[in-house]
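Below you'll find the structure, written out as structure tokens, and then a few comments.
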Amino acid sequence: MRYGFTTGSCAAAAAKAAVQMIFGQEEIDKVTVATPSGTDYTAPVERVMLTKNEASCAVRKPDSDDPDVTAGMLICAKAVLHPGKAPCGNGNDKVRVIIEGGVGIGRVTRPGLDRPVGDWAINSVPRQMIEREVCSVADRYGYDGVIGIEISAPEGEEVAARTFNPTLGIEGGISIIGTSGIVEPMSTRAILDTIAVEIRQKRAMGEEILVVSPGNYGQTFMQEQYGYDLDRAVKCSNYIGGAIDAAVNAGFGRMLLVGHIGKLIKVSGGIMNTHSAEADCRMELMAAAAVKSSGRADIAASILDCVSTDEAYKLMLTAGIEKECFEYIMERIGYHLNKRAGIMQIACIVFSNKYGLLGKTDNAESMLKDASLL
């Protein structure tokens with residue numbers, strides 16, 4: 001299956017190409033950047049404009065086997081040199097990179113996202129990629145001034161209307177996102193088959209307890225809280241129900257699900273495919289828990305205005321109702337997991353990277369201990 005590259009990788013590539021053309025005073029037709037995943041991305045460069053101290057160009061976001069409304073979009077970068085020494089916040093003591101958004105890039109209007117309210121929706125990892133690539137070129141040419149980078153997307157506002165950005169509180173355009181730099185294909189059948197194969201392999205190797213997690217999000221939490229390496233877990237992406245079915249079919253007697261509240265809160269409503277395209281009722285379920293467990297309709301109303309589960313949890317915490325809320329949430333998660341698992345014993349641990357352990361079913365820690373000893 002075809003992998004793609006994120007808007008963050010495209011922005012970093014366009015920014016690097018623009019800076020390289022200013023210093024070299026020569027147009028280029030391709031550029032290579034390193035992604036956080038370790039995969040290099042070589043991108044064709046389009047729409048070049050070049051003067052002595054300014055350059056702009058575009059990189060077209062490549063298609064992949066992942067359904068993606070941003071595929072084929074132009075991600076543009078304009079670079080401007082501002083001579084004069086300045087401190088750099090990225091480890092380079094000579095060059096300071098100022099990153100801003102332009103046409104088609106959204107602004108954050110609500111709290112709880114990667115960037116503060118009012119900032120351009122250019123996330124942290126893409127910013128780091130842009131800074132690293134721009135500074136590497138500046139170092140090569142011995143430049144010790146400031147470089148301004150403006151990222152834009154001519155079709156961004158139109159495309160953003162077909163994403164969850166308006167709901168999340170990002171207005172005016174798309175987000176520049178990505179943590180690995182690559183877009184992995186998400187064909188449902190292929191992913192479910194891959195998950196099932198890995199689960200069967202675990203069983204064939206003699207494992208009796210299957211630990212499953214949507215991903216490596218929470219690696220540090222699990223290591224520090226329980227001394228458990230989340231790399232050992234089978235990654236199920238959004239397919240909680242499919243992983244449970246595969247575990248039962250493989251003959252596992254016990255399974256432990258470990259994950260972030262942002263995904264697993266959906267399981268409390270019986271949702272077994274947690275992809276946002278299938279269901280995004282996180283705030284509704286958090287609000288329902290607040291009303292059911294504490295009767296606090298005022299907190300529930302505030303939760304419905306939240307963008308993230310961490311923001312919603314903070315409201316519970318401030319009101320002093322988080323304990324009873326998560327006792328109820330974990331009871332509902334346990335109910336739906338057991339309903340799907342049938343005769344297989346199943347347990348769950350839910351965490352937040354910001355707040356740590358939020359809840360666990362009664363048998364979760366003993367199951368994790370047993371799994372760690374195997």
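Here, A, B, ... name the chains of the structure tokens in the order displayed, residue numbers run from 1 inside each chain, and ligands are numbered from 1 in the same displayed order.
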
Residue list (strand (DSSP E or B), DSSP) for region 61-289 of chain A, as an NGL selection string | :A and (74-82 or 96-101 or 105 or 107-108 or 120 or 122 or 146-152 or 170-171 or 174 or 176 or 182-183 or 209-213 or 234-235 or 239 or 254-260 or 273)

Given only C-alpha atoms, how would the per-residue table for region 123-219 of chain A near region 11-18 of chain A read, listing every residue at most 6 Å away with its closest atom pair and distance in Å to one decimal, sorted by chain and number, as JSON lines?
```
{"residue": "A:Met129", "atom": "CA", "partner": "A:Ala12", "partner_atom": "CA", "distance": 5.8}
{"residue": "A:Ile130", "atom": "CA", "partner": "A:Ala12", "partner_atom": "CA", "distance": 4.4}
{"residue": "A:Glu133", "atom": "CA", "partner": "A:Lys16", "partner_atom": "CA", "distance": 5.6}
{"residue": "A:Val134", "atom": "CA", "partner": "A:Lys16", "partner_atom": "CA", "distance": 5.2}
```

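For the choices A:Gly173, A:Gly295, A:Gly8, A:Gly218, the atom-to-atom distance to Val258 (chain A) is smallest for A:Gly218 when using only C-alpha atoms.
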
Could you pull the residues within 8 Å of region 137-152 of chain A, counting only C-alpha atoms, minus those fewer than 2 positions along the same chain, as a PDB file with all heavy atoms, in the first residue's frame?
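And here is the file that came out, out.pdb:
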```pdb
ATOM      1  N   ALA A  11       5.166  21.318   4.211  1.00  0.00           N
ATOM      2  CA  ALA A  11       5.528  22.679   4.610  1.00  0.00           C
ATOM      3  C   ALA A  11       7.025  22.800   4.850  1.00  0.00           C
ATOM      4  O   ALA A  11       7.666  23.785   4.447  1.00  0.00           O
ATOM      5  CB  ALA A  11       4.756  23.068   5.863  1.00  0.00           C
ATOM      6  N   ALA A  15       9.530  25.151   2.685  1.00  0.00           N
ATOM      7  CA  ALA A  15      10.323  26.162   3.385  1.00  0.00           C
ATOM      8  C   ALA A  15      11.817  25.977   3.109  1.00  0.00           C
ATOM      9  O   ALA A  15      12.545  26.948   2.852  1.00  0.00           O
ATOM     10  CB  ALA A  15      10.049  26.084   4.890  1.00  0.00           C
ATOM     11  N   LYS A  16      12.275  24.741   3.161  1.00  0.00           N
ATOM     12  CA  LYS A  16      13.691  24.471   2.890  1.00  0.00           C
ATOM     13  C   LYS A  16      14.053  24.867   1.465  1.00  0.00           C
ATOM     14  O   LYS A  16      15.097  25.495   1.222  1.00  0.00           O
ATOM     15  CB  LYS A  16      13.994  22.990   3.113  1.00  0.00           C
ATOM     16  CG  LYS A  16      15.459  22.633   2.849  1.00  0.00           C
ATOM     17  CD  LYS A  16      15.734  21.159   3.101  1.00  0.00           C
ATOM     18  CE  LYS A  16      17.207  20.821   2.899  1.00  0.00           C
ATOM     19  NZ  LYS A  16      17.487  19.386   3.173  1.00  0.00           N
ATOM     20  N   VAL A  19      14.308  28.726   1.090  1.00  0.00           N
ATOM     21  CA  VAL A  19      15.534  29.268   1.688  1.00  0.00           C
ATOM     22  C   VAL A  19      16.752  28.882   0.853  1.00  0.00           C
ATOM     23  O   VAL A  19      17.663  29.694   0.621  1.00  0.00           O
ATOM     24  CB  VAL A  19      15.679  28.761   3.147  1.00  0.00           C
ATOM     25  CG1 VAL A  19      17.024  29.168   3.724  1.00  0.00           C
ATOM     26  CG2 VAL A  19      14.547  29.310   4.004  1.00  0.00           C
ATOM     27  N   GLN A  20      16.789  27.647   0.399  1.00  0.00           N
ATOM     28  CA  GLN A  20      17.906  27.183  -0.426  1.00  0.00           C
ATOM     29  C   GLN A  20      18.025  28.002  -1.706  1.00  0.00           C
ATOM     30  O   GLN A  20      19.138  28.340  -2.152  1.00  0.00           O
ATOM     31  CB  GLN A  20      17.705  25.705  -0.758  1.00  0.00           C
ATOM     32  CG  GLN A  20      18.907  25.030  -1.376  1.00  0.00           C
ATOM     33  CD  GLN A  20      18.731  23.523  -1.422  1.00  0.00           C
ATOM     34  OE1 GLN A  20      18.319  22.899  -0.440  1.00  0.00           O
ATOM     35  NE2 GLN A  20      19.029  22.926  -2.560  1.00  0.00           N
ATOM     36  N   PHE A  23      19.618  31.561  -0.967  1.00  0.00           N
ATOM     37  CA  PHE A  23      21.069  31.541  -0.775  1.00  0.00           C
ATOM     38  C   PHE A  23      21.811  31.145  -2.047  1.00  0.00           C
ATOM     39  O   PHE A  23      22.883  31.669  -2.350  1.00  0.00           O
ATOM     40  CB  PHE A  23      21.442  30.600   0.376  1.00  0.00           C
ATOM     41  CG  PHE A  23      21.049  31.111   1.722  1.00  0.00           C
ATOM     42  CD1 PHE A  23      20.244  30.373   2.569  1.00  0.00           C
ATOM     43  CD2 PHE A  23      21.488  32.359   2.163  1.00  0.00           C
ATOM     44  CE1 PHE A  23      19.881  30.846   3.819  1.00  0.00           C
ATOM     45  CE2 PHE A  23      21.128  32.840   3.411  1.00  0.00           C
ATOM     46  CZ  PHE A  23      20.316  32.089   4.241  1.00  0.00           C
ATOM     47  N   ILE A  75       0.938  23.113  -0.828  1.00  0.00           N
ATOM     48  CA  ILE A  75       1.376  23.705   0.437  1.00  0.00           C
ATOM     49  C   ILE A  75       2.547  24.629   0.089  1.00  0.00           C
ATOM     50  O   ILE A  75       3.572  24.167  -0.430  1.00  0.00           O
ATOM     51  CB  ILE A  75       1.818  22.637   1.456  1.00  0.00           C
ATOM     52  CG1 ILE A  75       0.711  21.594   1.652  1.00  0.00           C
ATOM     53  CG2 ILE A  75       2.202  23.297   2.766  1.00  0.00           C
ATOM     54  CD1 ILE A  75      -0.576  22.134   2.223  1.00  0.00           C
ATOM     55  N   CYS A  76       2.373  25.904   0.338  1.00  0.00           N
ATOM     56  CA  CYS A  76       3.328  26.915  -0.125  1.00  0.00           C
ATOM     57  C   CYS A  76       4.142  27.481   1.032  1.00  0.00           C
ATOM     58  O   CYS A  76       3.688  27.508   2.173  1.00  0.00           O
ATOM     59  CB  CYS A  76       2.594  28.059  -0.823  1.00  0.00           C
ATOM     60  SG  CYS A  76       1.463  27.529  -2.125  1.00  0.00           S
ATOM     61  N   ALA A  77       5.326  27.954   0.709  1.00  0.00           N
ATOM     62  CA  ALA A  77       6.175  28.625   1.698  1.00  0.00           C
ATOM     63  C   ALA A  77       6.840  29.835   1.050  1.00  0.00           C
ATOM     64  O   ALA A  77       7.326  29.749  -0.076  1.00  0.00           O
ATOM     65  CB  ALA A  77       7.236  27.677   2.246  1.00  0.00           C
ATOM     66  N   LYS A  78       6.835  30.941   1.772  1.00  0.00           N
ATOM     67  CA  LYS A  78       7.584  32.130   1.365  1.00  0.00           C
ATOM     68  C   LYS A  78       8.649  32.394   2.414  1.00  0.00           C
ATOM     69  O   LYS A  78       8.364  32.403   3.613  1.00  0.00           O
ATOM     70  CB  LYS A  78       6.670  33.347   1.238  1.00  0.00           C
ATOM     71  CG  LYS A  78       7.410  34.608   0.827  1.00  0.00           C
ATOM     72  CD  LYS A  78       6.458  35.763   0.544  1.00  0.00           C
ATOM     73  CE  LYS A  78       5.855  36.305   1.817  1.00  0.00           C
ATOM     74  NZ  LYS A  78       5.033  37.512   1.567  1.00  0.00           N
ATOM     75  N   ALA A  79       9.882  32.547   1.969  1.00  0.00           N
ATOM     76  CA  ALA A  79      10.995  32.818   2.879  1.00  0.00           C
ATOM     77  C   ALA A  79      11.531  34.223   2.612  1.00  0.00           C
ATOM     78  O   ALA A  79      11.700  34.621   1.458  1.00  0.00           O
ATOM     79  CB  ALA A  79      12.102  31.786   2.686  1.00  0.00           C
ATOM     80  N   VAL A  80      11.793  34.951   3.692  1.00  0.00           N
ATOM     81  CA  VAL A  80      12.332  36.314   3.599  1.00  0.00           C
ATOM     82  C   VAL A  80      13.502  36.430   4.557  1.00  0.00           C
ATOM     83  O   VAL A  80      13.394  36.043   5.735  1.00  0.00           O
ATOM     84  CB  VAL A  80      11.266  37.367   3.943  1.00  0.00           C
ATOM     85  CG1 VAL A  80      11.841  38.765   3.802  1.00  0.00           C
ATOM     86  CG2 VAL A  80      10.034  37.202   3.064  1.00  0.00           C
ATOM     87  N   LEU A  81      14.636  36.956   4.079  1.00  0.00           N
ATOM     88  CA  LEU A  81      15.803  37.153   4.927  1.00  0.00           C
ATOM     89  C   LEU A  81      15.720  38.508   5.610  1.00  0.00           C
ATOM     90  O   LEU A  81      15.383  39.516   4.993  1.00  0.00           O
ATOM     91  CB  LEU A  81      17.086  37.088   4.102  1.00  0.00           C
ATOM     92  CG  LEU A  81      17.363  35.799   3.321  1.00  0.00           C
ATOM     93  CD1 LEU A  81      18.758  35.859   2.705  1.00  0.00           C
ATOM     94  CD2 LEU A  81      17.223  34.570   4.209  1.00  0.00           C
ATOM     95  N   HIS A  82      16.038  38.497   6.907  1.00  0.00           N
ATOM     96  CA  HIS A  82      16.119  39.729   7.688  1.00  0.00           C
ATOM     97  C   HIS A  82      17.493  39.760   8.343  1.00  0.00           C
ATOM     98  O   HIS A  82      17.650  39.282   9.476  1.00  0.00           O
ATOM     99  CB  HIS A  82      15.027  39.773   8.756  1.00  0.00           C
ATOM    100  CG  HIS A  82      13.638  39.665   8.199  1.00  0.00           C
ATOM    101  ND1 HIS A  82      13.028  40.680   7.512  1.00  0.00           N
ATOM    102  CD2 HIS A  82      12.741  38.641   8.225  1.00  0.00           C
ATOM    103  CE1 HIS A  82      11.811  40.309   7.144  1.00  0.00           C
ATOM    104  NE2 HIS A  82      11.620  39.071   7.560  1.00  0.00           N
ATOM    105  N   PRO A  83      18.514  40.274   7.655  1.00  0.00           N
ATOM    106  CA  PRO A  83      19.876  40.252   8.207  1.00  0.00           C
ATOM    107  C   PRO A  83      19.944  40.915   9.585  1.00  0.00           C
ATOM    108  O   PRO A  83      19.235  41.864   9.868  1.00  0.00           O
ATOM    109  CB  PRO A  83      20.683  41.032   7.168  1.00  0.00           C
ATOM    110  CG  PRO A  83      19.895  40.880   5.908  1.00  0.00           C
ATOM    111  CD  PRO A  83      18.458  40.896   6.331  1.00  0.00           C
ATOM    112  N   GLY A  84      20.812  40.383  10.414  1.00  0.00           N
ATOM    113  CA  GLY A  84      20.959  40.888  11.779  1.00  0.00           C
ATOM    114  C   GLY A  84      20.909  39.728  12.744  1.00  0.00           C
ATOM    115  O   GLY A  84      20.013  38.899  12.693  1.00  0.00           O
ATOM    116  N   LYS A  85      21.883  39.658  13.622  1.00  0.00           N
ATOM    117  CA  LYS A  85      21.971  38.519  14.521  1.00  0.00           C
ATOM    118  C   LYS A  85      20.805  38.509  15.512  1.00  0.00           C
ATOM    119  O   LYS A  85      20.353  39.539  15.963  1.00  0.00           O
ATOM    120  CB  LYS A  85      23.300  38.535  15.273  1.00  0.00           C
ATOM    121  CG  LYS A  85      24.503  38.288  14.375  1.00  0.00           C
ATOM    122  CD  LYS A  85      25.777  38.217  15.197  1.00  0.00           C
ATOM    123  CE  LYS A  85      26.983  37.936  14.309  1.00  0.00           C
ATOM    124  NZ  LYS A  85      28.235  37.836  15.081  1.00  0.00           N
ATOM    125  N   ALA A  86      20.357  37.317  15.857  1.00  0.00           N
ATOM    126  CA  ALA A  86      19.293  37.161  16.833  1.00  0.00           C
ATOM    127  C   ALA A  86      19.407  35.787  17.459  1.00  0.00           C
ATOM    128  O   ALA A  86      19.874  34.852  16.824  1.00  0.00           O
ATOM    129  CB  ALA A  86      17.937  37.310  16.148  1.00  0.00           C
ATOM    130  N   LYS A  94      22.713  31.126  15.916  1.00  0.00           N
ATOM    131  CA  LYS A  94      22.888  32.182  14.923  1.00  0.00           C
ATOM    132  C   LYS A  94      21.574  32.577  14.238  1.00  0.00           C
ATOM    133  O   LYS A  94      21.336  33.742  13.974  1.00  0.00           O
ATOM    134  CB  LYS A  94      23.883  31.736  13.844  1.00  0.00           C
ATOM    135  CG  LYS A  94      25.306  31.544  14.340  1.00  0.00           C
ATOM    136  CD  LYS A  94      26.201  31.135  13.189  1.00  0.00           C
ATOM    137  CE  LYS A  94      27.643  30.949  13.647  1.00  0.00           C
ATOM    138  NZ  LYS A  94      28.516  30.550  12.519  1.00  0.00           N
ATOM    139  N   VAL A  95      20.739  31.608  13.940  1.00  0.00           N
ATOM    140  CA  VAL A  95      19.575  31.864  13.102  1.00  0.00           C
ATOM    141  C   VAL A  95      18.292  31.757  13.909  1.00  0.00           C
ATOM    142  O   VAL A  95      18.117  30.829  14.684  1.00  0.00           O
ATOM    143  CB  VAL A  95      19.524  30.863  11.927  1.00  0.00           C
ATOM    144  CG1 VAL A  95      18.296  31.123  11.052  1.00  0.00           C
ATOM    145  CG2 VAL A  95      20.789  30.964  11.095  1.00  0.00           C
ATOM    146  N   ARG A  96      17.428  32.712  13.728  1.00  0.00           N
ATOM    147  CA  ARG A  96      16.098  32.644  14.333  1.00  0.00           C
ATOM    148  C   ARG A  96      15.078  32.527  13.216  1.00  0.00           C
ATOM    149  O   ARG A  96      15.085  33.306  12.271  1.00  0.00           O
ATOM    150  CB  ARG A  96      15.811  33.885  15.163  1.00  0.00           C
ATOM    151  CG  ARG A  96      14.442  33.858  15.834  1.00  0.00           C
ATOM    152  CD  ARG A  96      14.361  34.917  16.906  1.00  0.00           C
ATOM    153  NE  ARG A  96      13.048  34.889  17.537  1.00  0.00           N
ATOM    154  CZ  ARG A  96      12.125  35.828  17.364  1.00  0.00           C
ATOM    155  NH1 ARG A  96      12.372  36.863  16.580  1.00  0.00           N
ATOM    156  NH2 ARG A  96      10.958  35.752  17.975  1.00  0.00           N
ATOM    157  N   VAL A  97      14.211  31.542  13.315  1.00  0.00           N
ATOM    158  CA  VAL A  97      13.194  31.300  12.300  1.00  0.00           C
ATOM    159  C   VAL A  97      11.837  31.725  12.853  1.00  0.00           C
ATOM    160  O   VAL A  97      11.407  31.236  13.899  1.00  0.00           O
ATOM    161  CB  VAL A  97      13.158  29.815  11.894  1.00  0.00           C
ATOM    162  CG1 VAL A  97      12.113  29.585  10.801  1.00  0.00           C
ATOM    163  CG2 VAL A  97      14.528  29.352  11.424  1.00  0.00           C
ATOM    164  N   ILE A  98      11.183  32.632  12.173  1.00  0.00           N
ATOM    165  CA  ILE A  98       9.854  33.093  12.565  1.00  0.00           C
ATOM    166  C   ILE A  98       8.845  32.466  11.616  1.00  0.00           C
ATOM    167  O   ILE A  98       8.878  32.716  10.408  1.00  0.00           O
ATOM    168  CB  ILE A  98       9.754  34.627  12.509  1.00  0.00           C
ATOM    169  CG1 ILE A  98      10.792  35.257  13.447  1.00  0.00           C
ATOM    170  CG2 ILE A  98       8.347  35.090  12.873  1.00  0.00           C
ATOM    171  CD1 ILE A  98      10.888  36.764  13.329  1.00  0.00           C
ATOM    172  N   ILE A  99       7.960  31.642  12.159  1.00  0.00           N
ATOM    173  CA  ILE A  99       7.004  30.893  11.334  1.00  0.00           C
ATOM    174  C   ILE A  99       5.612  31.481  11.518  1.00  0.00           C
ATOM    175  O   ILE A  99       5.108  31.585  12.645  1.00  0.00           O
ATOM    176  CB  ILE A  99       7.002  29.403  11.715  1.00  0.00           C
ATOM    177  CG1 ILE A  99       8.408  28.805  11.536  1.00  0.00           C
ATOM    178  CG2 ILE A  99       5.984  28.629  10.887  1.00  0.00           C
ATOM    179  CD1 ILE A  99       8.553  27.404  12.094  1.00  0.00           C
ATOM    180  N   GLU A 100       4.999  31.834  10.409  1.00  0.00           N
ATOM    181  CA  GLU A 100       3.641  32.368  10.437  1.00  0.00           C
ATOM    182  C   GLU A 100       2.794  31.667   9.379  1.00  0.00           C
ATOM    183  O   GLU A 100       3.321  30.997   8.486  1.00  0.00           O
ATOM    184  CB  GLU A 100       3.652  33.870  10.180  1.00  0.00           C
ATOM    185  CG  GLU A 100       4.357  34.666  11.259  1.00  0.00           C
ATOM    186  CD  GLU A 100       4.277  36.157  11.021  1.00  0.00           C
ATOM    187  OE1 GLU A 100       4.661  36.596   9.917  1.00  0.00           O
ATOM    188  OE2 GLU A 100       3.827  36.873  11.932  1.00  0.00           O
ATOM    189  N   GLY A 101       1.495  31.851   9.478  1.00  0.00           N
ATOM    190  CA  GLY A 101       0.585  31.316   8.493  1.00  0.00           C
ATOM    191  C   GLY A 101       0.152  32.387   7.518  1.00  0.00           C
ATOM    192  O   GLY A 101       0.317  33.592   7.765  1.00  0.00           O
ATOM    193  N   GLY A 102      -0.395  31.958   6.412  1.00  0.00           N
ATOM    194  CA  GLY A 102      -0.903  32.870   5.403  1.00  0.00           C
ATOM    195  C   GLY A 102      -2.246  32.393   4.907  1.00  0.00           C
ATOM    196  O   GLY A 102      -3.000  31.725   5.633  1.00  0.00           O
ATOM    197  N   VAL A 103      -2.549  32.682   3.688  1.00  0.00           N
ATOM    198  CA  VAL A 103      -3.825  32.312   3.083  1.00  0.00           C
ATOM    199  C   VAL A 103      -4.065  30.810   3.191  1.00  0.00           C
ATOM    200  O   VAL A 103      -3.185  30.006   2.867  1.00  0.00           O
ATOM    201  CB  VAL A 103      -3.860  32.741   1.596  1.00  0.00           C
ATOM    202  CG1 VAL A 103      -5.117  32.213   0.906  1.00  0.00           C
ATOM    203  CG2 VAL A 103      -3.792  34.255   1.481  1.00  0.00           C
ATOM    204  N   GLY A 104      -5.243  30.440   3.658  1.00  0.00           N
ATOM    205  CA  GLY A 104      -5.616  29.029   3.701  1.00  0.00           C
ATOM    206  C   GLY A 104      -5.135  28.255   4.904  1.00  0.00           C
ATOM    207  O   GLY A 104      -5.407  27.062   5.028  1.00  0.00           O
ATOM    208  N   ILE A 105      -4.430  28.918   5.808  1.00  0.00           N
ATOM    209  CA  ILE A 105      -3.993  28.271   7.056  1.00  0.00           C
ATOM    210  C   ILE A 105      -4.897  28.768   8.180  1.00  0.00           C
ATOM    211  O   ILE A 105      -5.118  29.975   8.328  1.00  0.00           O
ATOM    212  CB  ILE A 105      -2.530  28.587   7.392  1.00  0.00           C
ATOM    213  CG1 ILE A 105      -1.622  28.170   6.232  1.00  0.00           C
ATOM    214  CG2 ILE A 105      -2.116  27.871   8.683  1.00  0.00           C
ATOM    215  CD1 ILE A 105      -1.671  26.705   5.869  1.00  0.00           C
ATOM    216  N   GLU A 133      15.094  22.237   9.159  1.00  0.00           N
ATOM    217  CA  GLU A 133      15.498  22.261   7.746  1.00  0.00           C
ATOM    218  C   GLU A 133      15.997  23.639   7.331  1.00  0.00           C
ATOM    219  O   GLU A 133      17.009  23.761   6.611  1.00  0.00           O
ATOM    220  CB  GLU A 133      14.334  21.833   6.852  1.00  0.00           C
ATOM    221  CG  GLU A 133      13.841  20.415   7.088  1.00  0.00           C
ATOM    222  CD  GLU A 133      14.872  19.348   6.723  1.00  0.00           C
ATOM    223  OE1 GLU A 133      15.874  19.670   6.038  1.00  0.00           O
ATOM    224  OE2 GLU A 133      14.678  18.178   7.115  1.00  0.00           O
ATOM    225  N   VAL A 134      15.329  24.684   7.782  1.00  0.00           N
ATOM    226  CA  VAL A 134      15.749  26.051   7.444  1.00  0.00           C
ATOM    227  C   VAL A 134      17.110  26.367   8.051  1.00  0.00           C
ATOM    228  O   VAL A 134      17.995  26.921   7.389  1.00  0.00           O
ATOM    229  CB  VAL A 134      14.684  27.063   7.904  1.00  0.00           C
ATOM    230  CG1 VAL A 134      15.215  28.489   7.859  1.00  0.00           C
ATOM    231  CG2 VAL A 134      13.433  26.940   7.043  1.00  0.00           C
ATOM    232  N   CYS A 135      17.292  25.993   9.303  1.00  0.00           N
ATOM    233  CA  CYS A 135      18.575  26.256   9.967  1.00  0.00           C
ATOM    234  C   CYS A 135      19.721  25.473   9.334  1.00  0.00           C
ATOM    235  O   CYS A 135      20.848  25.958   9.269  1.00  0.00           O
ATOM    236  CB  CYS A 135      18.475  25.934  11.459  1.00  0.00           C
ATOM    237  SG  CYS A 135      17.558  27.162  12.417  1.00  0.00           S
ATOM    238  N   PRO A 154      -3.410  27.725  -0.902  1.00  0.00           N
ATOM    239  CA  PRO A 154      -4.432  28.445  -1.666  1.00  0.00           C
ATOM    240  C   PRO A 154      -5.834  27.847  -1.558  1.00  0.00           C
ATOM    241  O   PRO A 154      -6.821  28.577  -1.558  1.00  0.00           O
ATOM    242  CB  PRO A 154      -3.907  28.375  -3.105  1.00  0.00           C
ATOM    243  CG  PRO A 154      -2.430  28.217  -2.956  1.00  0.00           C
ATOM    244  CD  PRO A 154      -2.228  27.404  -1.714  1.00  0.00           C
ATOM    245  N   GLY A 156      -6.856  26.065   1.036  1.00  0.00           N
ATOM    246  CA  GLY A 156      -7.019  25.658   2.425  1.00  0.00           C
ATOM    247  C   GLY A 156      -8.368  25.936   3.031  1.00  0.00           C
ATOM    248  O   GLY A 156      -8.939  25.086   3.733  1.00  0.00           O
TER     249      GLY A 156
END
```

Between A:Arg162, A:Lys61, A:Lys266, A:Lys314, which has the minimum distance to Ala279 (chain A) (counting only C-alpha atoms)?
->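 Of the candidates, the smallest distance to Ala279 (chain A) is held by A:Lys266.
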